[in-house]
file data-v4.cif (mmCIF, C-alpha atoms (C1' of nucleotides))
data_input
loop_
_atom_site.label_atom_id
_atom_site.label_comp_id
_atom_site.auth_asym_id
_atom_site.auth_seq_id
_atom_site.Cartn_x
_atom_site.Cartn_y
_atom_site.Cartn_z
CA MET A 1 113.54 121.06 119.36
CA ALA A 2 111.05 122.03 122.02
CA ARG A 3 108.72 119.14 122.55
CA VAL A 4 105.13 119.83 121.77
CA GLY A 5 103.84 117.45 124.42
CA LEU A 6 101.38 115.49 122.36
CA THR A 7 99.12 112.95 123.96
CA THR A 8 96.39 110.84 122.49
CA GLU A 9 93.96 113.12 124.29
CA THR A 10 95.24 116.40 122.80
CA LEU A 11 95.39 114.76 119.40
CA ILE A 12 91.76 113.68 119.53
CA ARG A 13 90.54 117.05 120.77
CA ALA A 14 92.49 118.80 118.03
CA GLY A 15 91.09 116.24 115.62
CA ALA A 16 87.55 117.13 116.63
CA GLU A 17 88.22 120.82 116.07
CA THR A 18 89.95 120.15 112.79
CA ALA A 19 87.00 118.08 111.64
CA ASP A 20 84.65 120.98 112.34
CA GLU A 21 86.90 123.32 110.39
CA ILE A 22 87.82 121.32 107.32
CA GLY A 23 85.62 118.24 107.49
CA PHE A 24 86.00 114.85 109.09
CA GLU A 25 87.26 113.22 105.90
CA HIS A 26 90.14 115.68 105.70
CA THR A 27 91.10 115.10 109.30
CA THR A 28 94.18 112.99 108.60
CA PRO A 29 97.38 112.26 110.51
CA THR A 30 99.24 114.50 108.09
CA GLU A 31 96.89 117.40 108.69
CA LEU A 32 97.11 117.09 112.46
CA ALA A 33 100.88 116.85 112.32
CA ARG A 34 100.90 120.06 110.30
CA ARG A 35 98.78 121.79 112.93
CA PHE A 36 101.05 120.73 115.76
CA GLY A 37 104.19 121.51 113.82
CA VAL A 38 105.56 117.99 114.05
CA ARG A 39 106.33 115.28 111.52
CA THR A 40 103.55 112.91 110.59
CA ALA A 41 105.50 109.92 111.84
CA SER A 42 105.50 111.43 115.32
CA LEU A 43 101.77 110.82 115.71
CA TYR A 44 102.19 107.10 115.47
CA SER A 45 103.23 106.77 119.09
CA HIS A 46 99.84 108.19 120.11
CA VAL A 47 97.44 106.61 117.64
CA LYS A 48 97.81 103.33 115.86
CA ASN A 49 97.00 104.58 112.38
CA ALA A 50 94.63 106.83 110.47
CA HIS A 51 91.68 104.54 111.10
CA ASP A 52 92.39 104.47 114.81
CA LEU A 53 92.54 108.26 114.83
CA LYS A 54 89.14 108.55 113.20
CA THR A 55 87.65 105.93 115.45
CA ARG A 56 88.81 107.80 118.53
CA ILE A 57 87.42 111.08 117.25
CA ALA A 58 84.13 109.31 116.59
CA LEU A 59 84.05 107.90 120.11
CA PHE A 60 84.85 111.31 121.53
CA ALA A 61 82.03 112.97 119.60
CA LEU A 62 79.57 110.23 120.50
CA GLU A 63 80.43 110.73 124.15
CA GLU A 64 80.15 114.49 123.97
CA LEU A 65 76.81 114.35 122.21
CA ALA A 66 75.46 111.77 124.65
CA ASP A 67 76.44 114.04 127.54
CA ARG A 68 74.59 116.96 126.04
CA VAL A 69 71.52 114.95 125.25
CA SER A 70 71.39 113.38 128.67
CA GLU A 71 71.65 116.76 130.34
CA ALA A 72 68.94 118.23 128.14
CA VAL A 73 66.55 115.35 128.62
CA ALA A 74 66.96 115.07 132.39
CA GLY A 75 63.77 115.98 134.19
CA ARG A 76 61.70 116.21 131.04
CA ALA A 77 59.07 113.89 129.64
CA GLY A 78 56.73 113.54 126.70
CA LYS A 79 56.92 116.13 123.99
CA ASP A 80 59.19 118.24 126.14
CA ALA A 81 61.76 115.48 126.24
CA LEU A 82 61.30 114.69 122.57
CA THR A 83 62.03 118.22 121.43
CA ALA A 84 64.91 118.62 123.88
CA PHE A 85 66.53 115.47 122.53
CA ALA A 86 65.93 116.41 118.94
CA ASN A 87 67.14 119.97 119.30
CA VAL A 88 70.34 119.05 121.07
CA TYR A 89 71.02 116.54 118.35
CA ARG A 90 70.38 119.00 115.54
CA ASP A 91 72.21 121.88 117.19
CA TYR A 92 75.23 119.69 117.68
CA ALA A 93 75.23 118.80 114.02
CA LEU A 94 74.91 122.44 112.98
CA GLN A 95 77.56 123.73 115.38
CA HIS A 96 79.95 120.84 114.96
CA PRO A 97 79.49 119.41 111.50
CA GLY A 98 82.81 117.58 111.59
CA ARG A 99 82.12 115.94 114.93
CA PHE A 100 78.65 115.06 113.79
CA ALA A 101 80.08 113.41 110.71
CA ALA A 102 82.40 111.57 113.05
CA THR A 103 79.46 110.17 115.00
CA GLN A 104 78.39 108.49 111.79
CA PHE A 105 81.75 106.88 111.21
CA ARG A 106 81.22 103.17 110.93
CA LEU A 107 82.60 101.41 113.99
CA ASP A 108 83.18 97.69 114.15
CA ALA A 109 80.67 95.81 116.28
CA GLU A 110 82.80 95.49 119.38
CA THR A 111 83.89 99.12 119.44
CA ALA A 112 80.32 100.23 118.91
CA ALA A 113 79.08 98.05 121.75
CA ASN A 114 81.50 99.75 124.15
CA SER A 115 80.79 103.24 122.89
CA ALA A 116 78.41 105.95 124.00
CA GLY A 117 76.19 104.74 121.18
CA VAL A 118 74.67 102.51 123.81
CA ARG A 119 73.70 105.55 125.87
CA HIS A 120 72.08 107.08 122.82
CA ALA A 121 69.93 104.03 122.40
CA GLN A 122 68.94 104.07 126.05
CA MET A 123 68.00 107.72 125.89
CA SER A 124 65.85 107.17 122.83
CA ARG A 125 63.93 104.55 124.76
CA ALA A 126 63.66 106.85 127.73
CA ILE A 127 61.96 109.44 125.57
CA LEU A 128 59.31 106.94 124.64
CA ARG A 129 58.46 106.22 128.25
CA GLY A 130 56.40 109.39 128.13
CA TYR A 131 54.29 107.83 125.41
CA ASP A 132 52.30 104.69 125.90
CA LEU A 133 53.93 102.23 123.55
CA ALA A 134 54.27 98.53 124.26
CA GLU A 135 56.83 96.33 122.57
CA PRO A 136 57.43 95.73 119.77
CA HIS A 137 55.93 99.08 118.81
CA GLN A 138 58.38 100.88 121.02
CA THR A 139 61.31 99.47 119.11
CA HIS A 140 59.77 100.43 115.81
CA ALA A 141 59.21 103.94 117.14
CA VAL A 142 62.80 104.18 118.38
CA ARG A 143 63.99 103.27 114.93
CA LEU A 144 61.71 105.83 113.35
CA LEU A 145 62.99 108.59 115.60
CA GLY A 146 66.58 107.65 114.93
CA SER A 147 65.94 107.63 111.21
CA VAL A 148 64.19 110.98 111.18
CA PHE A 149 66.76 112.76 113.30
CA SER A 150 69.81 111.42 111.57
CA GLY A 151 68.23 111.68 108.16
CA TYR A 152 66.98 115.23 108.62
CA VAL A 153 70.19 116.55 110.07
CA THR A 154 72.28 114.88 107.41
CA LEU A 155 70.14 116.22 104.58
CA GLU A 156 70.11 119.66 106.14
CA GLY A 157 73.87 119.57 106.57
CA SER A 158 74.46 118.65 102.96
CA GLY A 159 72.43 121.62 101.85
CA GLY A 160 69.28 119.73 100.94
CA PHE A 161 66.92 122.28 102.44
CA SER A 162 68.70 125.52 101.78
CA HIS A 163 67.67 127.87 99.03
CA SER A 164 64.05 126.80 99.25
CA ALA A 165 61.10 128.05 101.22
CA PRO A 166 59.94 127.46 103.87
CA GLY A 167 63.06 127.59 106.01
CA SER A 168 64.53 124.54 107.61
CA GLN A 169 63.72 125.68 111.14
CA GLU A 170 60.01 125.73 110.35
CA SER A 171 60.09 122.26 108.89
CA TRP A 172 61.98 121.01 111.92
CA THR A 173 59.45 122.46 114.34
CA GLU A 174 56.50 121.11 112.43
CA ILE A 175 58.09 117.69 112.06
CA LEU A 176 58.62 117.50 115.81
CA ASN A 177 54.97 118.38 116.31
CA ALA A 178 53.96 115.73 113.85
CA LEU A 179 56.15 113.11 115.48
CA ASP A 180 54.70 113.94 118.87
CA ALA A 181 51.19 113.55 117.50
CA LEU A 182 52.18 110.31 115.83
CA LEU A 183 53.66 108.85 118.99
CA ARG A 184 50.51 109.69 120.92
CA THR A 185 48.29 107.95 118.39
CA TRP A 186 50.67 105.26 117.15
CA PRO A 187 48.72 102.76 115.02
CA THR A 188 49.09 99.42 116.78
CA GLY A 189 47.41 97.13 114.57
CA MET B 1 98.51 95.24 73.32
CA ALA B 2 94.89 94.53 72.44
CA ARG B 3 92.91 97.61 73.19
CA VAL B 4 90.26 97.25 75.85
CA GLY B 5 87.95 99.78 74.26
CA LEU B 6 87.15 101.88 77.27
CA THR B 7 84.55 104.60 77.14
CA THR B 8 83.26 106.89 79.82
CA GLU B 9 80.08 104.83 79.74
CA THR B 10 81.72 101.45 80.37
CA LEU B 11 83.85 103.01 83.06
CA ILE B 12 80.86 104.37 84.95
CA ARG B 13 78.91 101.11 84.69
CA ALA B 14 81.92 99.17 85.94
CA GLY B 15 82.30 101.79 88.63
CA ALA B 16 78.74 101.20 89.81
CA GLU B 17 79.33 97.46 90.01
CA THR B 18 82.65 97.94 91.74
CA ALA B 19 80.99 100.21 94.29
CA ASP B 20 78.45 97.51 95.10
CA GLU B 21 81.22 94.98 95.53
CA ILE B 22 83.85 96.84 97.51
CA GLY B 23 82.16 100.08 98.51
CA PHE B 24 81.81 103.47 96.87
CA GLU B 25 84.76 104.95 98.77
CA HIS B 26 87.06 102.28 97.39
CA THR B 27 85.90 102.84 93.87
CA THR B 28 88.99 104.69 92.66
CA PRO B 29 90.63 105.21 89.28
CA THR B 30 93.36 102.78 90.31
CA GLU B 31 90.86 100.08 91.22
CA LEU B 32 88.96 100.44 87.94
CA ALA B 33 92.19 100.39 85.96
CA ARG B 34 93.10 97.14 87.72
CA ARG B 35 89.76 95.62 86.76
CA PHE B 36 90.13 96.57 83.13
CA GLY B 37 93.76 95.50 83.03
CA VAL B 38 95.02 98.91 81.97
CA ARG B 39 97.25 101.50 83.57
CA THR B 40 95.63 104.07 85.81
CA ALA B 41 96.79 106.91 83.60
CA SER B 42 94.73 105.47 80.76
CA LEU B 43 91.49 106.38 82.47
CA TYR B 44 92.24 110.05 82.32
CA SER B 45 91.13 110.34 78.72
CA HIS B 46 87.64 109.22 79.79
CA VAL B 47 87.13 110.95 83.14
CA LYS B 48 88.64 114.17 84.32
CA ASN B 49 89.83 112.93 87.70
CA ALA B 50 88.77 110.84 90.68
CA HIS B 51 86.13 113.35 91.72
CA ASP B 52 84.67 113.42 88.25
CA LEU B 53 84.51 109.62 88.26
CA LYS B 54 82.59 109.57 91.53
CA THR B 55 80.29 112.33 90.41
CA ARG B 56 79.40 110.43 87.27
CA ILE B 57 78.72 107.25 89.19
CA ALA B 58 76.50 109.25 91.53
CA LEU B 59 74.56 110.72 88.62
CA PHE B 60 74.19 107.28 87.09
CA ALA B 61 72.81 105.81 90.32
CA LEU B 62 70.49 108.75 90.87
CA GLU B 63 69.12 108.24 87.38
CA GLU B 64 68.70 104.51 87.78
CA LEU B 65 66.94 104.87 91.11
CA ALA B 66 64.64 107.58 89.78
CA ASP B 67 63.68 105.30 86.89
CA ARG B 68 62.77 102.50 89.25
CA VAL B 69 60.82 104.73 91.57
CA SER B 70 58.92 106.36 88.77
CA GLU B 71 57.94 103.00 87.32
CA ALA B 72 56.81 101.69 90.70
CA VAL B 73 54.80 104.75 91.56
CA ALA B 74 53.05 105.08 88.21
CA GLY B 75 49.35 104.42 88.52
CA ARG B 76 49.36 104.29 92.29
CA ALA B 77 48.15 106.77 94.86
CA GLY B 78 47.89 107.23 98.60
CA LYS B 79 49.36 104.58 100.80
CA ASP B 80 49.91 102.37 97.80
CA ALA B 81 52.16 104.93 96.21
CA LEU B 82 53.89 105.68 99.50
CA THR B 83 54.88 102.08 100.12
CA ALA B 84 55.85 101.51 96.50
CA PHE B 85 58.17 104.51 96.62
CA ALA B 86 59.61 103.54 99.96
CA ASN B 87 60.16 99.92 99.07
CA VAL B 88 61.89 100.63 95.80
CA TYR B 89 64.16 103.03 97.60
CA ARG B 90 65.01 100.58 100.35
CA ASP B 91 65.39 97.60 98.04
CA TYR B 92 67.76 99.58 95.88
CA ALA B 93 69.88 100.39 98.89
CA LEU B 94 69.95 96.78 100.03
CA GLN B 95 70.69 95.33 96.60
CA HIS B 96 73.11 98.03 95.54
CA PRO B 97 74.77 99.44 98.63
CA GLY B 98 77.59 101.02 96.65
CA ARG B 99 75.28 102.76 94.22
CA PHE B 100 73.09 103.88 97.08
CA ALA B 101 76.14 105.35 98.80
CA ALA B 102 76.88 107.07 95.51
CA THR B 103 73.45 108.72 95.48
CA GLN B 104 74.46 110.43 98.70
CA PHE B 105 77.69 111.76 97.25
CA ARG B 106 77.68 115.50 97.68
CA LEU B 107 77.24 117.19 94.33
CA ASP B 108 77.88 120.84 93.74
CA ALA B 109 74.78 122.96 93.34
CA GLU B 110 74.82 123.17 89.57
CA THR B 111 75.42 119.48 89.01
CA ALA B 112 72.69 118.61 91.48
CA ALA B 113 70.25 120.94 89.75
CA ASN B 114 70.77 119.11 86.46
CA SER B 115 70.64 115.66 88.02
CA ALA B 116 67.87 113.16 88.51
CA GLY B 117 67.71 114.47 92.06
CA VAL B 118 65.15 116.86 90.67
CA ARG B 119 62.96 113.94 89.59
CA HIS B 120 63.23 112.47 93.07
CA ALA B 121 61.91 115.68 94.55
CA GLN B 122 59.04 115.77 92.08
CA MET B 123 58.07 112.21 92.82
CA SER B 124 58.06 112.86 96.55
CA ARG B 125 55.59 115.63 95.97
CA ALA B 126 53.52 113.43 93.71
CA ILE B 127 53.14 110.92 96.53
CA LEU B 128 51.65 113.60 98.72
CA ARG B 129 48.98 114.45 96.18
CA GLY B 130 47.13 111.43 97.53
CA TYR B 131 46.99 113.08 100.90
CA ASP B 132 45.31 116.37 101.54
CA LEU B 133 48.13 118.66 102.53
CA ALA B 134 48.29 122.34 101.68
CA GLU B 135 51.50 124.31 101.59
CA PRO B 136 53.63 124.81 103.58
CA HIS B 137 52.68 121.55 105.28
CA GLN B 138 53.33 119.62 102.11
CA THR B 139 56.93 120.77 102.03
CA HIS B 140 57.42 119.86 105.66
CA ALA B 141 55.97 116.43 104.94
CA VAL B 142 58.23 115.94 101.91
CA ARG B 143 61.21 116.70 104.09
CA LEU B 144 60.01 114.28 106.72
CA LEU B 145 59.63 111.49 104.20
CA GLY B 146 63.03 112.15 102.72
CA SER B 147 64.58 112.14 106.18
CA VAL B 148 62.91 108.92 107.25
CA PHE B 149 63.71 107.01 104.09
CA SER B 150 67.30 108.07 103.78
CA GLY B 151 67.88 107.86 107.51
CA TYR B 152 66.34 104.43 107.90
CA VAL B 153 68.08 102.91 104.94
CA THR B 154 71.42 104.36 105.94
CA LEU B 155 71.14 103.12 109.51
CA GLU B 156 69.99 99.74 108.31
CA GLY B 157 72.86 99.56 105.87
CA SER B 158 75.44 100.36 108.51
CA GLY B 159 74.15 97.52 110.63
CA GLY B 160 72.20 99.62 113.10
CA PHE B 161 69.24 97.28 113.21
CA SER B 162 70.85 93.91 112.83
CA HIS B 163 71.33 91.54 115.73
CA SER B 164 68.31 92.90 117.56
CA ALA B 165 64.69 91.91 117.60
CA PRO B 166 62.29 92.62 116.04
CA GLY B 167 63.67 92.32 112.54
CA SER B 168 64.21 95.30 110.33
CA GLN B 169 61.48 94.29 107.89
CA GLU B 170 58.85 94.50 110.61
CA SER B 171 59.99 97.92 111.68
CA TRP B 172 59.94 99.10 108.10
CA THR B 173 56.39 97.88 107.53
CA GLU B 174 55.13 99.40 110.73
CA ILE B 175 56.90 102.68 110.09
CA LEU B 176 55.25 102.93 106.67
CA ASN B 177 51.89 102.31 108.30
CA ALA B 178 52.63 104.96 110.86
CA LEU B 179 53.70 107.48 108.22
CA ASP B 180 50.57 106.82 106.23
CA ALA B 181 48.45 107.43 109.32
CA LEU B 182 50.44 110.56 110.09
CA LEU B 183 49.99 111.98 106.60
CA ARG B 184 46.24 111.42 106.79
CA THR B 185 45.98 113.27 110.10
CA TRP B 186 48.82 115.75 109.74
CA PRO B 187 48.57 118.33 112.53
CA THR B 188 48.12 121.68 110.78
CA GLY B 189 48.16 124.41 113.18
"C1'" DC C 1 97.85 101.35 51.14
"C1'" DG C 2 99.06 105.78 53.60
"C1'" DG C 3 97.70 109.11 56.87
"C1'" DC C 4 95.28 110.61 60.85
"C1'" DT C 5 93.11 109.91 65.11
"C1'" DT C 6 93.31 108.43 69.57
"C1'" DG C 7 93.56 104.64 72.96
"C1'" DC C 8 96.70 103.13 75.99
"C1'" DC C 9 101.49 103.27 77.54
"C1'" DT C 10 105.90 104.93 80.02
"C1'" DA C 11 107.90 108.14 82.95
"C1'" DA C 12 107.78 111.32 86.44
"C1'" DT C 13 105.90 113.97 90.28
"C1'" DC C 14 103.24 114.74 94.49
"C1'" DA C 15 100.50 113.77 98.72
"C1'" DG C 16 99.16 110.70 102.33
"C1'" DG C 17 100.05 106.53 105.27
"C1'" DT C 18 103.17 103.63 107.72
"C1'" DT C 19 107.36 101.30 109.79
"C1'" DA C 20 112.16 101.02 111.59
"C1'" DG C 21 115.54 102.84 114.03
"C1'" DG C 22 118.02 106.83 116.35
"C1'" DC C 23 118.96 110.97 119.33
"C1'" DA C 24 118.10 113.65 123.08
"C1'" DA C 25 114.81 115.82 126.35
"C1'" DA C 26 112.74 115.05 130.52
"C1'" DC C 27 111.53 112.10 134.26
"C1'" DT C 28 113.10 108.92 138.26
"C1'" DC C 29 115.57 107.63 141.94
"C1'" DG C 30 119.51 107.38 144.89
"C1'" DC D 1 122.26 116.96 141.83
"C1'" DG D 2 123.68 113.39 138.68
"C1'" DA D 3 123.17 108.74 136.37
"C1'" DG D 4 120.09 105.92 134.20
"C1'" DT D 5 115.88 105.13 131.95
"C1'" DT D 6 111.96 106.34 129.46
"C1'" DT D 7 109.94 108.12 125.53
"C1'" DG D 8 108.76 112.07 122.45
"C1'" DC D 9 109.88 113.43 118.18
"C1'" DC D 10 113.01 112.93 114.24
"C1'" DT D 11 115.16 111.03 109.78
"C1'" DA D 12 114.96 107.77 106.26
"C1'" DA D 13 112.63 104.75 103.47
"C1'" DC D 14 108.79 102.53 101.18
"C1'" DC D 15 103.98 101.82 99.60
"C1'" DT D 16 99.62 103.20 97.39
"C1'" DG D 17 96.84 106.41 94.95
"C1'" DA D 18 96.21 110.71 91.93
"C1'" DT D 19 97.69 113.23 88.19
"C1'" DT D 20 100.20 115.24 84.01
"C1'" DA D 21 103.22 115.18 79.83
"C1'" DG D 22 104.56 113.11 76.04
"C1'" DG D 23 105.06 108.91 72.89
"C1'" DC D 24 103.91 104.81 70.04
"C1'" DA D 25 101.06 102.11 67.46
"C1'" DA D 26 96.34 100.17 66.44
"C1'" DG D 27 92.63 100.86 63.77
"C1'" DC D 28 89.67 103.93 61.08
"C1'" DC D 29 89.08 106.85 56.61
"C1'" DG D 30 89.77 107.95 52.32
#
call {"tool": "encode", "arguments": {"input": "data-v4.cif", "output": "structure tokens"}}
result
Amino acid sequence: MARVGLTTETLIRAGAETADEIGFEHTTPTELARRFGVRTASLYSHVKNAHDLKTRIALFALEELADRVSEAVAGRAGKDALTAFANVYRDYALQHPGRFAATQFRLDAETAANSAGVRHAQMSRAILRGYDLAEPHQTHAVRLLGSVFSGYVTLEGSGGFSHSAPGSQESWTEILNALDALLRTWPTG
Amino acid sequence: MARVGLTTETLIRAGAETADEIGFEHTTPTELARRFGVRTASLYSHVKNAHDLKTRIALFALEELADRVSEAVAGRAGKDALTAFANVYRDYALQHPGRFAATQFRLDAETAANSAGVRHAQMSRAILRGYDLAEPHQTHAVRLLGSVFSGYVTLEGSGGFSHSAPGSQESWTEILNALDALLRTWPTG
DNA sequence: CGGCTTGCCTAATCAGGTTAGGCAAACTCG
DNA sequence: CGAGTTTGCCTAACCTGATTAGGCAAGCCG
């Protein structure tokens, strides 16, 4: 019985890959055990239960995405930063659908507060520094951007925009233009 | 053994209510059987399987929401129609979180094509008749609206905007104002 | 009232999740 | 290197949920 050498770390990484291959909802302890060639019960020394497994994959994906966004946004401002942020976000969802789904896994308040979700929020605000928006308008704008990005990418991922012209890429580009214009002329009133 | 008198219809309605109470993902054949005081196996004469049950609840919710939207939008145009549409959509999600979750259940292409989802798409376009947008800009704008509404309501529902000022209602109002302004000055070009 | 339909049941099977307890591989330290 | 300790992975067992096959009887129809 050669030991496989599982760790929580390897489990989560494999979980992220599995999620991209067969979907986050099918990324179960049983499935991971199958992939490592061990019994399901053997995973329980590394993760507490199925919910814990999913939570950890979610945290991993959140972290990974935040890293990518932060790298892309560094040194950019205004529309440049906006599109960099948005494109990294969308590309991540297209390349890693399972991980992206994981980022939307509902975390309890405390876990969320200690997650990279906080960095995401900070970066959204940073984007808006390039536009001249005072509070509370800035907060409203942050919420709009979050809604558009997550909404668009989710709809696109579930096939909402396929099979119809014009292509999704064109809509995405034009929507980013429109959002940039909107942020520059935000109605404060 | 007094017969309960189940039908597919009563099952789906109960399923919608159950979803609002305990969540769409927990709305399972077993749970419904419990509520009706029958054995799980007894449901299988009314729905094909668990997936079929969820699909039917999704179709029901899609229909119900489309009815509400279409009533609210009738006789309105421009910003008036936009906010009516948006508010019905958001209120539905807040009052019926389980049914709203059901509307996002992924349907296969054929089922979706025969669903009230089609009416939703038509109504989105109708809203834009009040604004002067030629194709392909109109399609891009439809996709933006869909993304914002579904994204905002989903984030709000998963607690994204609670516990932070300003309140979600204010953001919603301002975002609708901003979208109206954006649609009137959509950057074509 | 007798027969037919069919709603709901029992029984059985399968997959996934989870815990308890055990054996042995691999690390630690003299 | 060898003894002791840690701990990775296993077996066994149980629970919940999904699903199918086949049966009985309640209630409709003539």
call {"tool": "resolve_selection", "arguments": {"input": "data-v4.cif", "expression": "the PyMOL selection byres ((chain A) within 12 of (chain D))", "output": "PDB file with C-alpha atoms, in the coordinates of the input"}}
result
ATOM      1  CA  MET A   1     113.540 121.060 119.360  1.00  0.00           C
ATOM      2  CA  ALA A   2     111.050 122.030 122.020  1.00  0.00           C
ATOM      3  CA  ARG A   3     108.720 119.140 122.550  1.00  0.00           C
ATOM      4  CA  VAL A   4     105.130 119.830 121.770  1.00  0.00           C
ATOM      5  CA  GLY A   5     103.840 117.450 124.420  1.00  0.00           C
ATOM      6  CA  LEU A   6     101.380 115.490 122.360  1.00  0.00           C
ATOM      7  CA  THR A   7      99.120 112.950 123.960  1.00  0.00           C
ATOM      8  CA  ALA A  33     100.880 116.850 112.320  1.00  0.00           C
ATOM      9  CA  PHE A  36     101.050 120.730 115.760  1.00  0.00           C
ATOM     10  CA  GLY A  37     104.190 121.510 113.820  1.00  0.00           C
ATOM     11  CA  VAL A  38     105.560 117.990 114.050  1.00  0.00           C
ATOM     12  CA  ARG A  39     106.330 115.280 111.520  1.00  0.00           C
ATOM     13  CA  THR A  40     103.550 112.910 110.590  1.00  0.00           C
ATOM     14  CA  ALA A  41     105.500 109.920 111.840  1.00  0.00           C
ATOM     15  CA  SER A  42     105.500 111.430 115.320  1.00  0.00           C
ATOM     16  CA  LEU A  43     101.770 110.820 115.710  1.00  0.00           C
ATOM     17  CA  TYR A  44     102.190 107.100 115.470  1.00  0.00           C
ATOM     18  CA  SER A  45     103.230 106.770 119.090  1.00  0.00           C
ATOM     19  CA  HIS A  46      99.840 108.190 120.110  1.00  0.00           C
TER      20      HIS A  46
END
call {"tool": "atom_distance", "arguments": {"input": "data-v4.cif", "atom1": "CA of Pro166 (chain A)", "atom2": "CA of Ala141 (chain B)"}}
result
11.8 Å
call {"tool": "resolve_selection", "arguments": {"input": "data-v4.cif", "expression": "the PyMOL selection byres ((chain B) within 8 of (chain A))", "output": "list in words"}}
result
Arg106, Pro136, Thr139, His140, Ala141, Arg143, Leu144, Gly146, Ser147, Val148, Phe149, Ser150, Gly151, Tyr152, Leu155, Ser158, Pro166, Glu170, Ser171, Trp172, Glu174, Ile175, Asn177, Ala178, Ala181, Leu182, Trp186 and Pro187 of chain B
call {"tool": "closest_residue", "arguments": {"input": "data-v4.cif", "among": "B:Arg68, B:Ala102, B:Glu63, B:Arg129", "to": "Ala116 (chain B)", "atoms": "only C-alpha atoms"}}
result
B:Glu63
call {"tool": "atom_distance", "arguments": {"input": "data-v4.cif", "atom1": "CA of Arg184 (chain B)", "atom2": "CA of Asp80 (chain B)"}}
result
13.3 Å
call {"tool": "resolve_selection", "arguments": {"input": "data-v4.cif", "expression": "the PyMOL selection byres ((chain C) within 8 of (chain A))", "output": "ChimeraX atom specification"}}
result
/C:16-18,25
call {"tool": "decode", "arguments": {"input": "data-v4.cif", "residues": "region 46-57 of chain B", "atoms": "N, CA, C and O atoms", "output": "CSV table (one decimal), in the first residue's frame"}}
result
chain,number,residue,atom,x,y,z
B,46,HIS,N,-45.4,11.4,-10.5
B,46,HIS,CA,-45.8,12.7,-10.9
B,46,HIS,C,-44.6,13.5,-11.6
B,46,HIS,O,-44.8,14.4,-12.4
B,47,VAL,N,-43.4,13.2,-11.1
B,47,VAL,CA,-42.2,13.8,-11.8
B,47,VAL,C,-41.3,12.7,-12.1
B,47,VAL,O,-41.3,11.6,-11.4
B,48,LYS,N,-40.5,12.9,-13.1
B,48,LYS,CA,-39.6,11.8,-13.6
B,48,LYS,C,-38.5,11.5,-12.6
B,48,LYS,O,-38.2,10.4,-12.3
B,49,ASN,N,-37.9,12.6,-12.1
B,49,ASN,CA,-36.8,12.4,-11.2
B,49,ASN,C,-36.5,13.7,-10.5
B,49,ASN,O,-37.2,14.7,-10.8
B,50,ALA,N,-35.4,13.8,-9.7
B,50,ALA,CA,-35.1,15.0,-9.0
B,50,ALA,C,-34.8,16.2,-10.0
B,50,ALA,O,-35.2,17.3,-9.8
B,51,HIS,N,-34.1,15.9,-11.1
B,51,HIS,CA,-33.8,16.9,-12.0
B,51,HIS,C,-35.1,17.5,-12.7
B,51,HIS,O,-35.2,18.7,-12.9
B,52,ASP,N,-36.0,16.6,-13.0
B,52,ASP,CA,-37.2,17.0,-13.6
B,52,ASP,C,-38.0,17.9,-12.7
B,52,ASP,O,-38.6,18.9,-13.1
B,53,LEU,N,-38.0,17.5,-11.4
B,53,LEU,CA,-38.7,18.3,-10.4
B,53,LEU,C,-38.1,19.7,-10.4
B,53,LEU,O,-38.9,20.7,-10.5
B,54,LYS,N,-36.8,19.9,-10.3
B,54,LYS,CA,-36.2,21.2,-10.3
B,54,LYS,C,-36.5,22.0,-11.6
B,54,LYS,O,-36.7,23.2,-11.5
B,55,THR,N,-36.4,21.3,-12.7
B,55,THR,CA,-36.7,21.9,-14.0
B,55,THR,C,-38.1,22.5,-14.0
B,55,THR,O,-38.3,23.6,-14.4
B,56,ARG,N,-39.0,21.7,-13.5
B,56,ARG,CA,-40.4,22.2,-13.5
B,56,ARG,C,-40.6,23.4,-12.6
B,56,ARG,O,-41.4,24.3,-12.8
B,57,ILE,N,-39.9,23.4,-11.4
B,57,ILE,CA,-40.0,24.5,-10.5
B,57,ILE,C,-39.4,25.7,-11.2
B,57,ILE,O,-40.0,26.8,-11.1
